[in-house]
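Working notes, structure below.
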Amino acid sequence: LMVGRNLIAIEGHNQSKESSDYYMGPSIEKHWPNIGRRPPRDVDAVFISDKAKWEYLAGRLPPVDWTTGEGWETDRMPFGYGYKGVRTELKKMQGRYQQLYLRAPFEFKNTDEKLGIGLLATWDDAFIAYINGIEVLRVGVESGKGDHAHGFYRVFSPTRRFFPLDSLQAALRVGKNTLAIEGHNRSLDSSDFLIDAMLVRVLPIAKQHPLPKEFVEVIPRHAEWHYHADKEEPPE
């Protein structure tokens, strides 16, 4: 890949000369790592607001069942250091520990709609989210969890992004639920850390403005292509 004009070349093949069909309609798209979507304009319900109190554990490893427990000290989002606007400053995190464990309860009624529920989050560097102990979202962490998490990649957002929680159907239950988040810093000497989250539900797609695509077209889907369809080798 070069700065400026580039050229892509594709060699298409058919399985046999007698084949009844052939098709090729390529396009090039840039696929970003999972950084969610822009915050939706139409929030239908708020399950955990930006004023909620979160239980948190900093500087120590939690018990195995921490995602559904209770009894830690509480404070408000955002948690972190090195950022303006942090409500709960983790003054001792830099150089001492890389994980922060958080959890907050919320109620789900049998009349509530599951579709459209998602996390509004701001983060730096990575996090994993659970509902009732079941993982529902992973951002910036390839594998593992807790102090065994690894494969961090540089994906962060100092402004809120929306993550649809499509896999929460099996985790959510009527009555009390717990959203738990483990935040990760890529290194002990990192200059900053941030986690801020809300749990909301958005209106169905048909009732709200279309969300921006997660893909950015580099070559349009209907672009004109130069092609060579002869038996001979194509010219340069």
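In the structure tokens, each chain is lettered A, B, ... as it comes, each chain's residues begin at 1, and ligands are numbered from 1 in order of appearance.
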Can you list, as number ranges by chain, every protein, DNA or RNA residue that comes within 12 Å of Gly69 (chain A) when you count only C-alpha atoms, leaving out same-chain residues fewer than 3 positions away? A: 55-57, 62-66, 72, 101-105, 131-133, 177-180
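Once Lys91 (chain A) and its same-chain neighbours fewer than 2 positions away are set aside, Gly80, Tyr81, Glu89, Met93 and Gln94 of chain A remain within 9 Å of it when counting only C-alpha atoms.
With only C-alpha atoms as the basis for measurement, A:Phe47 is the residue among A:Phe47, A:Tyr153, A:Tyr23, A:Tyr83 that approaches Ile117 (chain A) most closely.
Compared by their closest atoms to Arg96 (chain A), and using only C-alpha atoms, the residues A:Leu137, A:Arg60, A:Arg5, A:Ile219 rank with A:Arg60 nearest.
Between CA of Gly175 (chain A) and CA of Arg76 (chain A) the interatomic distance comes to 22.9 Å.
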Tell me, which residues of region 23-207 of chain A carry DSSP strand (DSSP E), written as a PyMOL selection string? chain A and resi 28-31+43-48+53-58+73-76+79-81+88-89+99-108+117-124+126-131+134-139+141-143+150-152+157-164+175-184+193-202
Save the residues we just selected, C-alpha atoms, as an mmCIF file, in the first residue's frame?
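Saved file again-v2.cif follows:
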```
data_model
loop_
_atom_site.group_PDB
_atom_site.id
_atom_site.type_symbol
_atom_site.label_atom_id
_atom_site.label_comp_id
_atom_site.auth_asym_id
_atom_site.auth_seq_id
_atom_site.Cartn_x
_atom_site.Cartn_y
_atom_site.Cartn_z
ATOM 1 C CA ILE A 28 -12.333 -3.126 -0.680
ATOM 2 C CA GLU A 29 -13.490 -2.064 2.742
ATOM 3 C CA LYS A 30 -11.627 -0.962 5.822
ATOM 4 C CA HIS A 31 -12.821 -2.894 8.867
ATOM 5 C CA VAL A 43 -32.363 6.106 23.845
ATOM 6 C CA ASP A 44 -35.542 4.283 24.820
ATOM 7 C CA ALA A 45 -34.615 3.283 28.399
ATOM 8 C CA VAL A 46 -31.728 3.619 30.865
ATOM 9 C CA PHE A 47 -30.933 0.640 33.101
ATOM 10 C CA ILE A 48 -27.670 1.969 34.594
ATOM 11 C CA LYS A 53 -22.970 3.966 42.121
ATOM 12 C CA TRP A 54 -20.587 1.173 41.100
ATOM 13 C CA GLU A 55 -18.882 -1.268 43.424
ATOM 14 C CA TYR A 56 -15.192 -1.467 42.579
ATOM 15 C CA LEU A 57 -12.037 -3.357 43.512
ATOM 16 C CA ALA A 58 -8.651 -1.826 42.737
ATOM 17 C CA GLU A 73 -16.772 0.092 48.271
ATOM 18 C CA THR A 74 -18.753 2.232 45.830
ATOM 19 C CA ASP A 75 -18.247 5.328 43.729
ATOM 20 C CA ARG A 76 -19.297 6.848 40.410
ATOM 21 C CA PHE A 79 -12.939 5.753 36.905
ATOM 22 C CA GLY A 80 -9.351 6.388 35.910
ATOM 23 C CA TYR A 81 -6.373 8.707 35.975
ATOM 24 C CA THR A 88 -13.201 8.434 40.825
ATOM 25 C CA GLU A 89 -9.475 8.993 40.451
ATOM 26 C CA GLN A 99 -6.891 -4.170 36.265
ATOM 27 C CA LEU A 100 -9.964 -2.552 37.784
ATOM 28 C CA TYR A 101 -13.069 -4.593 38.639
ATOM 29 C CA LEU A 102 -16.506 -2.965 38.666
ATOM 30 C CA ARG A 103 -20.106 -4.090 39.078
ATOM 31 C CA ALA A 104 -23.529 -2.473 39.320
ATOM 32 C CA PRO A 105 -27.027 -3.925 39.781
ATOM 33 C CA PHE A 106 -29.990 -3.150 37.552
ATOM 34 C CA GLU A 107 -33.602 -4.262 37.303
ATOM 35 C CA PHE A 108 -35.202 -5.877 34.274
ATOM 36 C CA ILE A 117 -29.968 -3.127 24.884
ATOM 37 C CA GLY A 118 -26.349 -2.077 24.740
ATOM 38 C CA LEU A 119 -23.438 -0.486 26.538
ATOM 39 C CA LEU A 120 -22.501 3.160 26.163
ATOM 40 C CA ALA A 121 -18.801 3.210 27.000
ATOM 41 C CA THR A 122 -15.688 5.351 27.080
ATOM 42 C CA TRP A 123 -12.445 3.496 27.723
ATOM 43 C CA ASP A 124 -8.659 3.433 27.606
ATOM 44 C CA ALA A 126 -9.508 -2.267 27.134
ATOM 45 C CA PHE A 127 -12.389 -3.933 28.963
ATOM 46 C CA ILE A 128 -14.559 -7.059 29.247
ATOM 47 C CA ALA A 129 -18.232 -6.889 30.274
ATOM 48 C CA TYR A 130 -20.401 -9.545 31.922
ATOM 49 C CA ILE A 131 -24.089 -9.794 32.775
ATOM 50 C CA ILE A 134 -21.796 -14.397 31.424
ATOM 51 C CA GLU A 135 -19.414 -12.528 29.111
ATOM 52 C CA VAL A 136 -21.333 -10.281 26.698
ATOM 53 C CA LEU A 137 -18.647 -7.938 25.333
ATOM 54 C CA ARG A 138 -14.870 -7.857 24.850
ATOM 55 C CA VAL A 139 -13.035 -4.781 23.569
ATOM 56 C CA VAL A 141 -8.510 -7.948 24.677
ATOM 57 C CA GLU A 142 -7.803 -10.982 22.501
ATOM 58 C CA SER A 143 -8.129 -13.721 25.115
ATOM 59 C CA HIS A 150 -3.486 -10.883 27.160
ATOM 60 C CA GLY A 151 -3.292 -9.780 23.556
ATOM 61 C CA PHE A 152 -4.141 -6.137 24.148
ATOM 62 C CA SER A 157 -12.211 6.000 22.745
ATOM 63 C CA PRO A 158 -12.222 9.118 24.933
ATOM 64 C CA THR A 159 -15.801 9.751 23.743
ATOM 65 C CA ARG A 160 -18.785 7.454 24.232
ATOM 66 C CA ARG A 161 -19.453 4.602 21.817
ATOM 67 C CA PHE A 162 -22.441 2.264 21.678
ATOM 68 C CA PHE A 163 -22.031 -1.525 21.783
ATOM 69 C CA PRO A 164 -25.147 -3.607 21.053
ATOM 70 C CA GLY A 175 -35.689 -9.040 38.348
ATOM 71 C CA LYS A 176 -32.259 -8.118 39.661
ATOM 72 C CA ASN A 177 -29.259 -8.409 37.330
ATOM 73 C CA THR A 178 -25.591 -7.446 37.656
ATOM 74 C CA LEU A 179 -23.425 -5.790 35.042
ATOM 75 C CA ALA A 180 -19.734 -6.381 35.778
ATOM 76 C CA ILE A 181 -16.795 -4.813 33.941
ATOM 77 C CA GLU A 182 -13.093 -5.520 34.202
ATOM 78 C CA GLY A 183 -11.022 -2.649 32.878
ATOM 79 C CA HIS A 184 -7.474 -3.210 31.648
ATOM 80 C CA PHE A 193 -6.531 4.838 32.234
ATOM 81 C CA LEU A 194 -10.268 5.370 31.772
ATOM 82 C CA ILE A 195 -13.524 3.449 32.021
ATOM 83 C CA ASP A 196 -17.002 4.957 31.887
ATOM 84 C CA ALA A 197 -20.183 3.009 31.096
ATOM 85 C CA MET A 198 -23.970 3.160 30.991
ATOM 86 C CA LEU A 199 -26.464 0.408 30.168
ATOM 87 C CA VAL A 200 -29.265 1.583 27.885
ATOM 88 C CA ARG A 201 -31.800 0.413 25.322
ATOM 89 C CA VAL A 202 -32.217 2.137 21.977
#
```
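Taking CA of Phe156 (chain A) as the reference point, CA of Gly140 (chain A) is found at 7.8 Å.
Nearest residue to Leu168 (chain A), choosing from A:Pro234, A:Gly116, A:Gly82, A:Gly95 and counting only C-alpha atoms: A:Gly116.
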Shell around Gly25 (chain A) at 12 Å using only C-alpha atoms, local window under 6 positions removed, as an mmCIF file with N, CA and C atoms, in the first residue's frame:
```
data_model
loop_
_atom_site.group_PDB
_atom_site.id
_atom_site.type_symbol
_atom_site.label_atom_id
_atom_site.label_comp_id
_atom_site.auth_asym_id
_atom_site.auth_seq_id
_atom_site.Cartn_x
_atom_site.Cartn_y
_atom_site.Cartn_z
ATOM 1 N N ILE A 10 -6.899 -8.777 -9.399
ATOM 2 C CA ILE A 10 -7.554 -10.006 -8.957
ATOM 3 C C ILE A 10 -7.565 -10.998 -10.106
ATOM 4 N N GLY A 12 -9.432 -14.173 -11.375
ATOM 5 C CA GLY A 12 -10.637 -14.961 -11.130
ATOM 6 C C GLY A 12 -10.568 -16.312 -11.825
ATOM 7 N N ILE A 219 -12.754 1.256 -2.197
ATOM 8 C CA ILE A 219 -13.173 1.156 -3.595
ATOM 9 C C ILE A 219 -14.675 0.907 -3.581
ATOM 10 N N PRO A 220 -15.497 1.782 -4.170
ATOM 11 C CA PRO A 220 -16.951 1.628 -4.117
ATOM 12 C C PRO A 220 -17.405 0.290 -4.694
ATOM 13 N N ARG A 221 -18.507 -0.213 -4.183
ATOM 14 C CA ARG A 221 -19.018 -1.517 -4.609
ATOM 15 C C ARG A 221 -19.352 -1.534 -6.095
ATOM 16 N N HIS A 222 -19.746 -0.394 -6.649
ATOM 17 C CA HIS A 222 -20.141 -0.341 -8.059
ATOM 18 C C HIS A 222 -19.086 0.369 -8.917
ATOM 19 N N ALA A 223 -17.851 0.312 -8.482
ATOM 20 C CA ALA A 223 -16.776 0.928 -9.261
ATOM 21 C C ALA A 223 -16.551 0.173 -10.566
ATOM 22 N N GLU A 224 -16.048 0.862 -11.579
ATOM 23 C CA GLU A 224 -15.712 0.223 -12.848
ATOM 24 C C GLU A 224 -14.344 -0.433 -12.735
ATOM 25 N N TRP A 225 -14.232 -1.678 -13.229
ATOM 26 C CA TRP A 225 -12.995 -2.455 -13.160
ATOM 27 C C TRP A 225 -12.475 -2.709 -14.579
#
```
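Shortest atom-to-atom contact with Gln169 (chain A) among A:Asp50, A:Lys231, A:Ser20, A:Lys114: A:Lys114, counting only C-alpha atoms.
Straight-line separation from CA of Gln98 (chain A) to CA of Leu188 (chain A): 5.8 Å.
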